[in-house]
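Trainee: Below is the file run.cif, with mmCIF, C-alpha atoms and all ligand atoms.
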```
data_data
loop_
_atom_site.group_PDB
_atom_site.id
_atom_site.type_symbol
_atom_site.label_atom_id
_atom_site.label_comp_id
_atom_site.auth_asym_id
_atom_site.auth_seq_id
_atom_site.Cartn_x
_atom_site.Cartn_y
_atom_site.Cartn_z
ATOM 1 C CA MET A 2 -86.798 101.256 -165.717
ATOM 2 C CA SER A 3 -83.224 102.220 -164.872
ATOM 3 C CA ILE A 4 -80.089 102.374 -166.936
ATOM 4 C CA LEU A 5 -76.436 102.043 -165.992
ATOM 5 C CA SER A 6 -74.277 103.620 -168.653
ATOM 6 C CA PHE A 7 -70.606 103.981 -169.537
ATOM 7 C CA HIS A 8 -69.802 107.083 -171.594
ATOM 8 C CA ASP A 9 -66.410 107.031 -173.317
ATOM 9 C CA VAL A 10 -64.834 105.459 -170.257
ATOM 10 C CA SER A 11 -61.067 104.943 -170.206
ATOM 11 C CA LEU A 12 -59.003 103.623 -167.325
ATOM 12 C CA ARG A 13 -55.354 103.716 -166.328
ATOM 13 C CA TYR A 14 -54.251 102.474 -162.946
ATOM 14 C CA PRO A 15 -52.010 104.950 -161.118
ATOM 15 C CA ALA A 16 -48.257 104.513 -161.745
ATOM 16 C CA ARG A 17 -46.617 102.289 -159.124
ATOM 17 C CA GLN A 18 -43.558 104.518 -158.867
ATOM 18 C CA ALA A 19 -43.213 108.208 -159.505
ATOM 19 C CA GLY A 20 -41.297 108.958 -162.705
ATOM 20 C CA SER A 21 -41.817 105.534 -164.293
ATOM 21 C CA GLY A 22 -43.803 107.060 -167.172
ATOM 22 C CA GLN A 23 -47.475 106.893 -168.039
ATOM 23 C CA PRO A 24 -49.002 103.536 -167.020
ATOM 24 C CA PRO A 25 -50.750 101.619 -169.822
ATOM 25 C CA LEU A 26 -54.391 102.080 -170.742
ATOM 26 C CA VAL A 27 -56.429 99.190 -169.361
ATOM 27 C CA LEU A 28 -59.765 100.188 -170.874
ATOM 28 C CA GLU A 29 -60.239 102.535 -173.813
ATOM 29 C CA ARG A 30 -63.380 104.507 -174.648
ATOM 30 C CA ILE A 31 -65.963 102.057 -173.444
ATOM 31 C CA ASN A 32 -69.545 102.916 -174.347
ATOM 32 C CA LEU A 33 -71.984 100.462 -172.866
ATOM 33 C CA SER A 34 -75.346 100.476 -171.196
ATOM 34 C CA VAL A 35 -77.238 97.994 -169.061
ATOM 35 C CA GLU A 36 -80.967 98.400 -168.577
ATOM 36 C CA THR A 37 -82.988 96.813 -165.802
ATOM 37 C CA GLY A 38 -84.392 93.587 -167.211
ATOM 38 C CA GLU A 39 -81.322 93.064 -169.391
ATOM 39 C CA PHE A 40 -78.636 90.435 -168.792
ATOM 40 C CA ILE A 41 -75.323 91.551 -170.231
ATOM 41 C CA VAL A 42 -72.455 89.079 -170.256
ATOM 42 C CA VAL A 43 -68.911 90.307 -170.811
ATOM 43 C CA ILE A 44 -66.448 87.786 -172.161
ATOM 44 C CA GLY A 45 -62.795 88.181 -173.079
ATOM 45 C CA ARG A 46 -59.497 86.565 -172.356
ATOM 46 C CA SER A 47 -57.737 86.985 -169.060
ATOM 47 C CA GLY A 48 -56.245 90.460 -168.630
ATOM 48 C CA SER A 49 -58.618 92.143 -171.073
ATOM 49 C CA GLY A 50 -60.018 94.373 -168.321
ATOM 50 C CA LYS A 51 -63.263 92.590 -167.375
ATOM 51 C CA THR A 52 -62.802 92.895 -163.624
ATOM 52 C CA SER A 53 -61.715 96.513 -164.022
ATOM 53 C CA LEU A 54 -64.914 97.198 -165.978
ATOM 54 C CA LEU A 55 -67.020 95.666 -163.229
ATOM 55 C CA ASN A 56 -65.174 97.535 -160.486
ATOM 56 C CA LEU A 57 -65.846 100.769 -162.359
ATOM 57 C CA ALA A 58 -69.562 99.961 -162.555
ATOM 58 C CA ALA A 59 -69.571 99.152 -158.834
ATOM 59 C CA GLY A 60 -67.904 102.479 -158.054
ATOM 60 C CA PHE A 61 -64.798 100.850 -156.525
ATOM 61 C CA LEU A 62 -62.701 102.509 -159.267
ATOM 62 C CA THR A 63 -63.042 105.924 -160.913
ATOM 63 C CA PRO A 64 -62.586 106.319 -164.684
ATOM 64 C CA SER A 65 -59.500 108.197 -165.871
ATOM 65 C CA ASN A 66 -61.692 109.662 -168.626
ATOM 66 C CA GLY A 67 -65.372 109.602 -169.364
ATOM 67 C CA ARG A 68 -68.136 108.942 -166.880
ATOM 68 C CA ILE A 69 -70.446 106.257 -165.547
ATOM 69 C CA ALA A 70 -74.017 107.116 -164.696
ATOM 70 C CA VAL A 71 -77.196 105.611 -163.317
ATOM 71 C CA ASP A 72 -80.217 107.236 -164.948
ATOM 72 C CA GLY A 73 -78.035 110.084 -166.113
ATOM 73 C CA ALA A 74 -76.524 110.911 -162.704
ATOM 74 C CA THR A 75 -72.754 110.299 -162.552
ATOM 75 C CA ILE A 76 -71.927 107.733 -159.868
ATOM 76 C CA ALA A 77 -69.638 108.933 -157.090
ATOM 77 C CA GLY A 78 -68.794 105.528 -155.561
ATOM 78 C CA PRO A 79 -70.466 102.314 -154.456
ATOM 79 C CA GLY A 80 -74.211 102.453 -153.809
ATOM 80 C CA ALA A 81 -77.074 100.208 -152.710
ATOM 81 C CA ASP A 82 -78.483 100.448 -156.250
ATOM 82 C CA ARG A 83 -75.572 98.251 -157.480
ATOM 83 C CA ALA A 84 -74.796 94.949 -155.725
ATOM 84 C CA VAL A 85 -71.649 92.949 -156.390
ATOM 85 C CA VAL A 86 -70.969 89.194 -156.304
ATOM 86 C CA PHE A 87 -67.408 87.928 -156.702
ATOM 87 C CA GLN A 88 -66.053 84.477 -157.455
ATOM 88 C CA ASP A 89 -64.929 84.031 -153.858
ATOM 89 C CA ASP A 90 -68.152 84.445 -152.000
ATOM 90 C CA ALA A 91 -66.597 86.522 -149.172
ATOM 91 C CA LEU A 92 -69.299 85.543 -146.692
ATOM 92 C CA TYR A 93 -68.863 86.181 -142.966
ATOM 93 C CA PRO A 94 -67.871 82.819 -141.458
ATOM 94 C CA TRP A 95 -69.002 83.777 -137.949
ATOM 95 C CA LEU A 96 -72.588 84.383 -139.120
ATOM 96 C CA ASP A 97 -75.054 81.771 -140.297
ATOM 97 C CA ALA A 98 -76.576 81.849 -143.801
ATOM 98 C CA ARG A 99 -79.575 83.932 -142.736
ATOM 99 C CA ASP A 100 -77.544 86.567 -140.923
ATOM 100 C CA ASN A 101 -75.135 86.824 -143.858
ATOM 101 C CA ILE A 102 -78.081 87.608 -146.120
ATOM 102 C CA ALA A 103 -79.525 90.081 -143.614
ATOM 103 C CA PHE A 104 -76.206 91.860 -143.043
ATOM 104 C CA PRO A 105 -76.594 94.613 -145.689
ATOM 105 C CA LEU A 106 -80.031 95.375 -144.224
ATOM 106 C CA LYS A 107 -78.500 95.694 -140.767
ATOM 107 C CA LEU A 108 -76.002 98.199 -142.151
ATOM 108 C CA ARG A 109 -78.915 100.198 -143.496
ATOM 109 C CA GLY A 110 -80.643 100.235 -140.121
ATOM 110 C CA VAL A 111 -83.532 97.916 -141.046
ATOM 111 C CA ARG A 112 -85.251 96.564 -137.900
ATOM 112 C CA GLU A 113 -84.349 93.064 -136.811
ATOM 113 C CA LYS A 114 -87.815 91.615 -137.389
ATOM 114 C CA ASP A 115 -87.993 93.029 -140.927
ATOM 115 C CA ARG A 116 -84.474 91.816 -141.666
ATOM 116 C CA ARG A 117 -85.404 88.317 -140.639
ATOM 117 C CA VAL A 118 -88.555 88.277 -142.768
ATOM 118 C CA ARG A 119 -86.652 89.519 -145.835
ATOM 119 C CA ALA A 120 -83.799 87.046 -145.274
ATOM 120 C CA GLU A 121 -86.278 84.170 -145.008
ATOM 121 C CA GLU A 122 -87.885 85.238 -148.302
ATOM 122 C CA LEU A 123 -84.504 85.334 -149.986
ATOM 123 C CA LEU A 124 -83.489 81.942 -148.576
ATOM 124 C CA GLU A 125 -86.660 80.561 -150.087
ATOM 125 C CA LEU A 126 -85.952 82.277 -153.424
ATOM 126 C CA VAL A 127 -82.483 80.745 -153.671
ATOM 127 C CA GLY A 128 -83.711 77.305 -152.639
ATOM 128 C CA LEU A 129 -82.154 77.292 -149.169
ATOM 129 C CA ALA A 130 -85.273 77.630 -147.038
ATOM 130 C CA ASP A 131 -84.011 74.978 -144.600
ATOM 131 C CA ALA A 132 -80.415 76.124 -144.413
ATOM 132 C CA GLY A 133 -80.796 79.564 -142.825
ATOM 133 C CA ARG A 134 -79.359 78.570 -139.470
ATOM 134 C CA ARG A 135 -76.379 76.722 -140.896
ATOM 135 C CA ARG A 136 -72.911 78.104 -140.548
ATOM 136 C CA ILE A 137 -71.051 78.976 -143.718
ATOM 137 C CA SER A 138 -68.539 76.173 -143.123
ATOM 138 C CA GLU A 139 -71.434 73.710 -143.288
ATOM 139 C CA LEU A 140 -72.466 74.785 -146.795
ATOM 140 C CA SER A 141 -71.217 73.430 -150.148
ATOM 141 C CA GLY A 142 -69.595 75.759 -152.703
ATOM 142 C CA GLY A 143 -72.827 76.034 -154.706
ATOM 143 C CA MET A 144 -74.841 76.816 -151.568
ATOM 144 C CA ARG A 145 -72.366 79.494 -150.554
ATOM 145 C CA GLN A 146 -72.666 81.178 -153.909
ATOM 146 C CA ARG A 147 -76.448 81.132 -153.505
ATOM 147 C CA VAL A 148 -76.100 82.826 -150.124
ATOM 148 C CA GLY A 149 -73.813 85.407 -151.778
ATOM 149 C CA ILE A 150 -76.402 86.045 -154.477
ATOM 150 C CA ALA A 151 -79.216 86.257 -151.912
ATOM 151 C CA ARG A 152 -77.154 88.753 -149.912
ATOM 152 C CA ALA A 153 -76.625 90.830 -153.053
ATOM 153 C CA LEU A 154 -80.390 90.821 -153.645
ATOM 154 C CA ALA A 155 -81.188 91.818 -150.046
ATOM 155 C CA SER A 156 -81.029 95.526 -150.741
ATOM 156 C CA ASP A 157 -83.214 95.246 -153.878
ATOM 157 C CA PRO A 158 -80.467 96.542 -156.149
ATOM 158 C CA ARG A 159 -81.329 97.852 -159.572
ATOM 159 C CA PHE A 160 -78.160 96.259 -160.932
ATOM 160 C CA LEU A 161 -76.412 93.002 -160.136
ATOM 161 C CA LEU A 162 -72.694 92.999 -160.946
ATOM 162 C CA LEU A 163 -71.234 89.497 -161.041
ATOM 163 C CA ASP A 164 -67.534 88.756 -161.574
ATOM 164 C CA GLU A 165 -67.176 85.088 -162.558
ATOM 165 C CA PRO A 166 -69.569 84.119 -159.761
ATOM 166 C CA LEU A 167 -69.621 80.460 -160.833
ATOM 167 C CA GLY A 168 -65.946 80.184 -161.785
ATOM 168 C CA ALA A 169 -64.879 78.197 -158.730
ATOM 169 C CA LEU A 170 -67.605 75.545 -158.982
ATOM 170 C CA ASP A 171 -67.301 72.052 -160.461
ATOM 171 C CA ALA A 172 -68.906 71.553 -163.889
ATOM 172 C CA LEU A 173 -72.131 69.919 -162.677
ATOM 173 C CA THR A 174 -72.793 72.434 -159.930
ATOM 174 C CA ARG A 175 -71.953 75.220 -162.317
ATOM 175 C CA ALA A 176 -74.480 74.057 -164.892
ATOM 176 C CA LYS A 177 -77.173 73.878 -162.202
ATOM 177 C CA MET A 178 -76.266 77.290 -160.877
ATOM 178 C CA GLN A 179 -76.569 78.845 -164.335
ATOM 179 C CA GLY A 180 -80.249 77.903 -164.461
ATOM 180 C CA PHE A 181 -80.676 79.057 -160.900
ATOM 181 C CA LEU A 182 -79.032 82.414 -161.550
ATOM 182 C CA LEU A 183 -81.190 83.051 -164.595
ATOM 183 C CA ASP A 184 -84.303 82.261 -162.601
ATOM 184 C CA VAL A 185 -83.406 84.448 -159.639
ATOM 185 C CA TRP A 186 -82.394 87.296 -161.916
ATOM 186 C CA SER A 187 -85.657 87.183 -163.880
ATOM 187 C CA LYS A 188 -87.628 87.388 -160.620
ATOM 188 C CA SER A 189 -85.509 90.278 -159.347
ATOM 189 C CA ARG A 190 -86.123 92.447 -162.431
ATOM 190 C CA ALA A 191 -82.647 93.886 -161.916
ATOM 191 C CA GLY A 192 -80.213 94.562 -164.719
ATOM 192 C CA ALA A 193 -77.298 92.099 -164.692
ATOM 193 C CA LEU A 194 -73.691 92.563 -165.770
ATOM 194 C CA LEU A 195 -71.903 89.220 -165.547
ATOM 195 C CA ILE A 196 -68.329 88.376 -166.394
ATOM 196 C CA THR A 197 -67.316 84.918 -167.500
ATOM 197 C CA HIS A 198 -64.638 82.960 -169.306
ATOM 198 C CA SER A 199 -67.155 80.438 -170.570
ATOM 199 C CA ILE A 200 -68.695 80.877 -174.018
ATOM 200 C CA ASP A 201 -71.442 78.382 -173.142
ATOM 201 C CA GLU A 202 -72.312 80.334 -170.033
ATOM 202 C CA ALA A 203 -72.352 83.611 -171.938
ATOM 203 C CA LEU A 204 -74.722 82.257 -174.581
ATOM 204 C CA LEU A 205 -77.034 80.576 -172.071
ATOM 205 C CA LEU A 206 -77.446 83.528 -169.714
ATOM 206 C CA ALA A 207 -77.138 86.657 -171.789
ATOM 207 C CA SER A 208 -79.607 88.823 -173.533
ATOM 208 C CA ARG A 209 -76.485 90.513 -174.952
ATOM 209 C CA VAL A 210 -72.918 89.211 -175.120
ATOM 210 C CA ILE A 211 -70.145 91.811 -175.096
ATOM 211 C CA VAL A 212 -66.681 90.748 -176.253
ATOM 212 C CA LEU A 213 -63.744 92.667 -174.828
ATOM 213 C CA SER A 214 -60.462 92.726 -176.748
ATOM 214 C CA PRO A 215 -57.253 93.173 -174.721
ATOM 215 C CA ASN A 216 -54.461 95.774 -174.541
ATOM 216 C CA PRO A 217 -56.212 98.084 -174.036
ATOM 217 C CA GLY A 218 -59.664 96.654 -173.352
ATOM 218 C CA ARG A 219 -62.104 97.725 -176.063
ATOM 219 C CA LEU A 220 -65.548 96.560 -177.059
ATOM 220 C CA ALA A 221 -64.999 94.192 -179.954
ATOM 221 C CA ALA A 222 -68.558 92.934 -180.373
ATOM 222 C CA ASP A 223 -72.043 93.368 -178.976
ATOM 223 C CA ILE A 224 -74.274 90.439 -179.887
ATOM 224 C CA GLU A 225 -77.943 89.900 -179.052
ATOM 225 C CA THR A 226 -78.935 86.387 -178.036
ATOM 226 C CA GLY A 227 -82.246 84.723 -177.288
ATOM 227 C CA PHE A 228 -81.217 81.436 -175.645
ATOM 228 C CA ALA A 229 -81.797 82.674 -172.087
ATOM 229 C CA ALA A 230 -85.356 83.602 -173.002
ATOM 230 C CA GLU A 231 -85.832 80.061 -174.368
ATOM 231 C CA LEU A 232 -84.459 78.581 -171.140
ATOM 232 C CA LEU A 233 -86.765 80.724 -169.028
ATOM 233 C CA ALA A 234 -89.668 79.617 -171.217
ATOM 234 C CA GLY A 235 -88.887 75.995 -170.318
ATOM 235 C CA ALA A 236 -86.480 74.711 -172.987
ATOM 236 C CA SER A 237 -83.726 72.420 -171.676
ATOM 237 C CA VAL A 238 -80.026 73.271 -171.828
ATOM 238 C CA ASN A 239 -79.423 70.164 -173.936
ATOM 239 C CA GLN A 240 -82.102 71.155 -176.446
ATOM 240 C CA ILE A 241 -80.621 74.612 -176.756
ATOM 241 C CA LYS A 242 -77.038 73.453 -177.083
ATOM 242 C CA ALA A 243 -78.047 70.979 -179.787
ATOM 243 C CA SER A 244 -79.593 73.690 -181.944
ATOM 244 C CA PRO A 245 -77.714 74.721 -185.114
ATOM 245 C CA LEU A 246 -78.004 78.396 -184.138
ATOM 246 C CA PHE A 247 -76.329 77.782 -180.767
ATOM 247 C CA LYS A 248 -73.502 75.896 -182.454
ATOM 248 C CA ARG A 249 -73.055 78.615 -185.031
ATOM 249 C CA MET A 250 -72.927 81.356 -182.427
ATOM 250 C CA HIS A 251 -70.585 79.302 -180.237
ATOM 251 C CA ASP A 252 -68.187 78.801 -183.158
ATOM 252 C CA GLY A 253 -68.460 82.450 -184.121
ATOM 253 C CA LEU A 254 -67.598 83.662 -180.616
ATOM 254 C CA THR A 255 -64.750 81.153 -180.272
ATOM 255 C CA ASN A 256 -63.226 82.315 -183.565
ATOM 256 C CA LEU A 257 -63.687 85.958 -182.681
ATOM 257 C CA ILE A 258 -61.980 85.637 -179.293
ATOM 258 C CA HIS A 259 -59.103 83.646 -180.822
ATOM 259 C CA SER A 260 -58.615 86.029 -183.726
ATOM 260 C CA ILE A 261 -58.515 89.017 -181.363
ATOM 261 C CA SER A 262 -55.902 87.299 -179.210
ATOM 262 C CA ASP A 263 -53.797 86.418 -182.258
ATOM 263 C CA GLU A 264 -53.924 90.017 -183.475
ATOM 264 C CA THR A 265 -52.754 91.452 -180.162
ATOM 265 C CA GLU A 266 -49.981 88.870 -179.925
ATOM 266 C CA ALA A 267 -48.812 89.675 -183.459
ATOM 267 C CA ALA A 268 -48.792 93.393 -182.627
ATOM 268 C CA ALA A 269 -46.812 92.873 -179.390
HETATM 269 N N1 LIG A 301 -54.880 97.248 -159.137
HETATM 270 C C1 LIG A 301 -54.216 97.221 -160.307
HETATM 271 N N2 LIG A 301 -53.124 97.988 -160.501
HETATM 272 C C2 LIG A 301 -52.471 97.976 -161.687
HETATM 273 N N3 LIG A 301 -52.846 97.220 -162.736
HETATM 274 C C3 LIG A 301 -53.916 96.434 -162.604
HETATM 275 C C4 LIG A 301 -54.650 96.392 -161.381
HETATM 276 N N4 LIG A 301 -55.701 95.516 -161.549
HETATM 277 C C5 LIG A 301 -55.589 95.035 -162.811
HETATM 278 N N5 LIG A 301 -54.524 95.583 -163.444
HETATM 279 C C6 LIG A 301 -54.128 95.326 -164.839
HETATM 280 O O1 LIG A 301 -55.207 95.687 -165.682
HETATM 281 C C7 LIG A 301 -55.365 94.755 -166.743
HETATM 282 C C8 LIG A 301 -56.772 94.196 -166.747
HETATM 283 O O2 LIG A 301 -56.967 93.429 -165.564
HETATM 284 P P1 LIG A 301 -58.395 92.842 -165.145
HETATM 285 O O3 LIG A 301 -59.396 93.924 -165.187
HETATM 286 O O4 LIG A 301 -58.225 92.104 -163.874
HETATM 287 O O5 LIG A 301 -58.676 91.821 -166.359
HETATM 288 P P2 LIG A 301 -59.562 90.486 -166.436
HETATM 289 O O6 LIG A 301 -60.561 90.523 -165.338
HETATM 290 O O7 LIG A 301 -60.169 90.531 -167.808
HETATM 291 O O8 LIG A 301 -58.621 89.321 -166.320
HETATM 292 C C9 LIG A 301 -54.269 93.707 -166.552
HETATM 293 O O9 LIG A 301 -53.200 94.045 -167.376
HETATM 294 C C10 LIG A 301 -53.905 93.848 -165.094
HETATM 295 O O10 LIG A 301 -52.568 93.492 -164.888
HETATM 296 MG MG MG A 302 -61.074 89.183 -163.800
#
```
As structure tokens - that is how I would like this structure written.

Mentor:
Amino acid sequence: MSILSFHDVSLRYPARQAGSGQPPLVLERINLSVETGEFIVVIGRSGSGKTSLLNLAAGFLTPSNGRIAVDGATIAGPGADRAVVFQDDALYPWLDARDNIAFPLKLRGVREKDRRVRAEELLELVGLADAGRRRISELSGGMRQRVGIARALASDPRFLLLDEPLGALDALTRAKMQGFLLDVWSKSRAGALLITHSIDEALLLASRVIVLSPNPGRLAADIETGFAAELLAGASVNQIKASPLFKRMHDGLTNLIHSISDETEAAA
């Protein structure tokens, strides 16, 4: 088991101009941990610091205060133990699907034959066994996101960091991809930290939902959920969404996010 942990993490971006005063706090005293086998979903309105939080976990940003650690050791930057998937898949258009997936292995000096075997396994895992030789331009949006997720899994990361990975997909593809993501994640045994705008998505995928309040970003709630476990055990999305508990939690989260936004607007 591994654990990715935030300890009293605060973040300010550097001032744009010298002498323009202290820039605002974007995140304030975040304490949060993600264990392997856990699926944490962070939800909050736009500008609440979700992407900043994920970039900190990835090691692309350094906290202004506090520290971020994997198994107790403070992270010093990006690492193969943490893989990132963004909304825009950022695949290499000049490579086919298989070579995109194998690319991180190439960077790590894995032999060509071993790279190919691993990439084929991952193509199979993400349901693209027949699409490995296709160019990226020949893939649909959903297929591209699967290639992006397979590429993130190529280096067997302990943590998957996903910033609105399904945000650019149409509603039907998105719903399909939610089930797919849950499945792939449960096979990977990684810890997941996923950011979304969608309350449905948060409730369906998470083992814990974290609500971030804006200005500065703070943890406003940390809620355990069991719907993802039900989905993995074979329940249908429709069954789950029709349950009184799902509706209650959906309403509760909606009210919480609205009330937080109203408060910050009133204070502004
Ligand atoms: N590179 C940056 N430099 C300065 N400010 C930034 C930068 N990136 C984000 N911000 C600010 O930090 C706040 C949080 O942004 P972000 O983490 O992108 O939020 P979210 O992902 O929840 O929409 C916003 O006020 C945004 O304007
Ligand atoms: Mg964002």

Trainee: Considering all atoms listed in the file, give me a table of residues in range 159-239 of chain A that are at most 9 Å from range 145-150 of chain A, with the closest atom pair and distance in Å for each, as CSV.

Mentor:
```
residue,atom,partner,partner_atom,distance
A:Leu161,CA,A:Ile150,CA,9.0
A:Pro166,CA,A:Gln146,CA,7.2
A:Leu167,CA,A:Gln146,CA,7.6
A:Met178,CA,A:Arg147,CA,8.3
A:Phe181,CA,A:Arg147,CA,8.8
A:Leu182,CA,A:Ile150,CA,8.4
A:Val185,CA,A:Ile150,CA,8.8
```

Trainee: Check which residues satisfy the PyMOL selection byres (((chain A and resi 98) around 8) and not hetatm) in the file shown, then give them as a PyMOL selection string.

Mentor: chain A and resi 96-97+99-102+132-137+148

Trainee: Go ahead and dump the residues you just picked, C-alpha atoms, as an mmCIF file, in the frame of the given file.

Mentor:
```cif
data_model
loop_
_atom_site.group_PDB
_atom_site.id
_atom_site.type_symbol
_atom_site.label_atom_id
_atom_site.label_comp_id
_atom_site.auth_asym_id
_atom_site.auth_seq_id
_atom_site.Cartn_x
_atom_site.Cartn_y
_atom_site.Cartn_z
ATOM 1 C CA LEU A 96 -72.588 84.383 -139.120
ATOM 2 C CA ASP A 97 -75.054 81.771 -140.297
ATOM 3 C CA ARG A 99 -79.575 83.932 -142.736
ATOM 4 C CA ASP A 100 -77.544 86.567 -140.923
ATOM 5 C CA ASN A 101 -75.135 86.824 -143.858
ATOM 6 C CA ILE A 102 -78.081 87.608 -146.120
ATOM 7 C CA ALA A 132 -80.415 76.124 -144.413
ATOM 8 C CA GLY A 133 -80.796 79.564 -142.825
ATOM 9 C CA ARG A 134 -79.359 78.570 -139.470
ATOM 10 C CA ARG A 135 -76.379 76.722 -140.896
ATOM 11 C CA ARG A 136 -72.911 78.104 -140.548
ATOM 12 C CA ILE A 137 -71.051 78.976 -143.718
ATOM 13 C CA VAL A 148 -76.100 82.826 -150.124
#
```

Trainee: Select, from A:Phe61, A:Phe40, A:Tyr14, A:Phe7, the residue with the minimum atom-to-atom distance to Ala230 in chain A, counting only C-alpha atoms.

Mentor: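 Using only C-alpha atoms, Ala230 in chain A sits closest to A:Phe40.
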
Trainee: Ile200 in chain A: which residues within 9 Å, counting only C-alpha atoms, same-chain residues fewer than 5 positions away excluded, as a short mmCIF file (atom, residue, chain, number, x, y, z; two decimals) with C-alpha atoms, in the frame of the given file?

Mentor:
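Here's the written file part04.cif:
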```
data_model
loop_
_atom_site.label_atom_id
_atom_site.label_comp_id
_atom_site.auth_asym_id
_atom_site.auth_seq_id
_atom_site.Cartn_x
_atom_site.Cartn_y
_atom_site.Cartn_z
CA ILE A 44 -66.45 87.79 -172.16
CA LEU A 205 -77.03 80.58 -172.07
CA HIS A 251 -70.58 79.30 -180.24
CA LEU A 254 -67.60 83.66 -180.62
CA THR A 255 -64.75 81.15 -180.27
#
```

Trainee: Excluding Glu29 in chain A and its own-chain neighbours fewer than 6 positions away, which residues fall within 7 Å of it when counting only C-alpha atoms? Please give them as a list in words.

Mentor: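 So, after excluding close chain neighbours, the residues are Val10, Ser11, Leu12, Pro217, Gly218 and Arg219 of chain A.
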
Trainee: Could you produce a table of the residues of chain A lying within 12 Å of ligand LIG 301 (chain A), with the nearest pair of atoms per residue and their separation in Å rounded to one decimal, using only C-alpha atoms and all ligand atoms, ordered by chain and increasing residue number, as JSON lines?

Mentor:
```
{"residue": "A:Ser11", "atom": "CA", "partner": "A:LIG301", "partner_atom": "O1", "distance": 11.9}
{"residue": "A:Leu12", "atom": "CA", "partner": "A:LIG301", "partner_atom": "O1", "distance": 8.9}
{"residue": "A:Arg13", "atom": "CA", "partner": "A:LIG301", "partner_atom": "N3", "distance": 7.8}
{"residue": "A:Tyr14", "atom": "CA", "partner": "A:LIG301", "partner_atom": "C2", "distance": 5.0}
{"residue": "A:Pro15", "atom": "CA", "partner": "A:LIG301", "partner_atom": "C2", "distance": 7.0}
{"residue": "A:Ala16", "atom": "CA", "partner": "A:LIG301", "partner_atom": "C2", "distance": 7.8}
{"residue": "A:Arg17", "atom": "CA", "partner": "A:LIG301", "partner_atom": "C2", "distance": 7.7}
{"residue": "A:Gln18", "atom": "CA", "partner": "A:LIG301", "partner_atom": "C2", "distance": 11.4}
{"residue": "A:Pro24", "atom": "CA", "partner": "A:LIG301", "partner_atom": "C2", "distance": 8.4}
{"residue": "A:Pro25", "atom": "CA", "partner": "A:LIG301", "partner_atom": "O9", "distance": 8.3}
{"residue": "A:Leu26", "atom": "CA", "partner": "A:LIG301", "partner_atom": "O1", "distance": 8.2}
{"residue": "A:Val27", "atom": "CA", "partner": "A:LIG301", "partner_atom": "O1", "distance": 5.2}
{"residue": "A:Leu28", "atom": "CA", "partner": "A:LIG301", "partner_atom": "C8", "distance": 7.9}
{"residue": "A:Glu29", "atom": "CA", "partner": "A:LIG301", "partner_atom": "C8", "distance": 11.5}
{"residue": "A:Val43", "atom": "CA", "partner": "A:LIG301", "partner_atom": "O7", "distance": 9.2}
{"residue": "A:Ile44", "atom": "CA", "partner": "A:LIG301", "partner_atom": "O7", "distance": 8.1}
{"residue": "A:Gly45", "atom": "CA", "partner": "A:LIG301", "partner_atom": "O7", "distance": 6.3}
{"residue": "A:Arg46", "atom": "CA", "partner": "A:LIG301", "partner_atom": "O7", "distance": 6.1}
{"residue": "A:Ser47", "atom": "CA", "partner": "A:LIG301", "partner_atom": "O8", "distance": 3.7}
{"residue": "A:Gly48", "atom": "CA", "partner": "A:LIG301", "partner_atom": "O8", "distance": 3.5}
{"residue": "A:Ser49", "atom": "CA", "partner": "A:LIG301", "partner_atom": "O7", "distance": 4.0}
{"residue": "A:Gly50", "atom": "CA", "partner": "A:LIG301", "partner_atom": "O3", "distance": 3.2}
{"residue": "A:Lys51", "atom": "CA", "partner": "A:LIG301", "partner_atom": "O7", "distance": 3.7}
{"residue": "A:Thr52", "atom": "CA", "partner": "A:LIG301", "partner_atom": "O6", "distance": 3.7}
{"residue": "A:Ser53", "atom": "CA", "partner": "A:LIG301", "partner_atom": "O3", "distance": 3.7}
{"residue": "A:Leu54", "atom": "CA", "partner": "A:LIG301", "partner_atom": "O3", "distance": 6.5}
{"residue": "A:Leu55", "atom": "CA", "partner": "A:LIG301", "partner_atom": "O3", "distance": 8.1}
{"residue": "A:Asn56", "atom": "CA", "partner": "A:LIG301", "partner_atom": "O3", "distance": 8.3}
{"residue": "A:Leu57", "atom": "CA", "partner": "A:LIG301", "partner_atom": "O3", "distance": 9.8}
{"residue": "A:Phe61", "atom": "CA", "partner": "A:LIG301", "partner_atom": "N1", "distance": 10.9}
{"residue": "A:Leu62", "atom": "CA", "partner": "A:LIG301", "partner_atom": "N1", "distance": 9.4}
{"residue": "A:Phe87", "atom": "CA", "partner": "A:LIG301", "partner_atom": "O6", "distance": 11.3}
{"residue": "A:Gln88", "atom": "CA", "partner": "A:LIG301", "partner_atom": "O6", "distance": 11.4}
{"residue": "A:Leu163", "atom": "CA", "partner": "A:LIG301", "partner_atom": "O6", "distance": 11.6}
{"residue": "A:Asp164", "atom": "CA", "partner": "A:LIG301", "partner_atom": "O6", "distance": 8.1}
{"residue": "A:Glu165", "atom": "CA", "partner": "A:LIG301", "partner_atom": "O6", "distance": 9.0}
{"residue": "A:Leu195", "atom": "CA", "partner": "A:LIG301", "partner_atom": "O6", "distance": 11.4}
{"residue": "A:Ile196", "atom": "CA", "partner": "A:LIG301", "partner_atom": "O6", "distance": 8.1}
{"residue": "A:Thr197", "atom": "CA", "partner": "A:LIG301", "partner_atom": "O6", "distance": 9.0}
{"residue": "A:His198", "atom": "CA", "partner": "A:LIG301", "partner_atom": "O7", "distance": 8.9}
{"residue": "A:Val212", "atom": "CA", "partner": "A:LIG301", "partner_atom": "O7", "distance": 10.7}
{"residue": "A:Leu213", "atom": "CA", "partner": "A:LIG301", "partner_atom": "O7", "distance": 8.2}
{"residue": "A:Ser214", "atom": "CA", "partner": "A:LIG301", "partner_atom": "O7", "distance": 9.2}
{"residue": "A:Pro215", "atom": "CA", "partner": "A:LIG301", "partner_atom": "O7", "distance": 8.0}
{"residue": "A:Asn216", "atom": "CA", "partner": "A:LIG301", "partner_atom": "O9", "distance": 7.5}
{"residue": "A:Pro217", "atom": "CA", "partner": "A:LIG301", "partner_atom": "C7", "distance": 8.1}
{"residue": "A:Gly218", "atom": "CA", "partner": "A:LIG301", "partner_atom": "C8", "distance": 7.6}
{"residue": "A:Arg219", "atom": "CA", "partner": "A:LIG301", "partner_atom": "O7", "distance": 11.1}
```
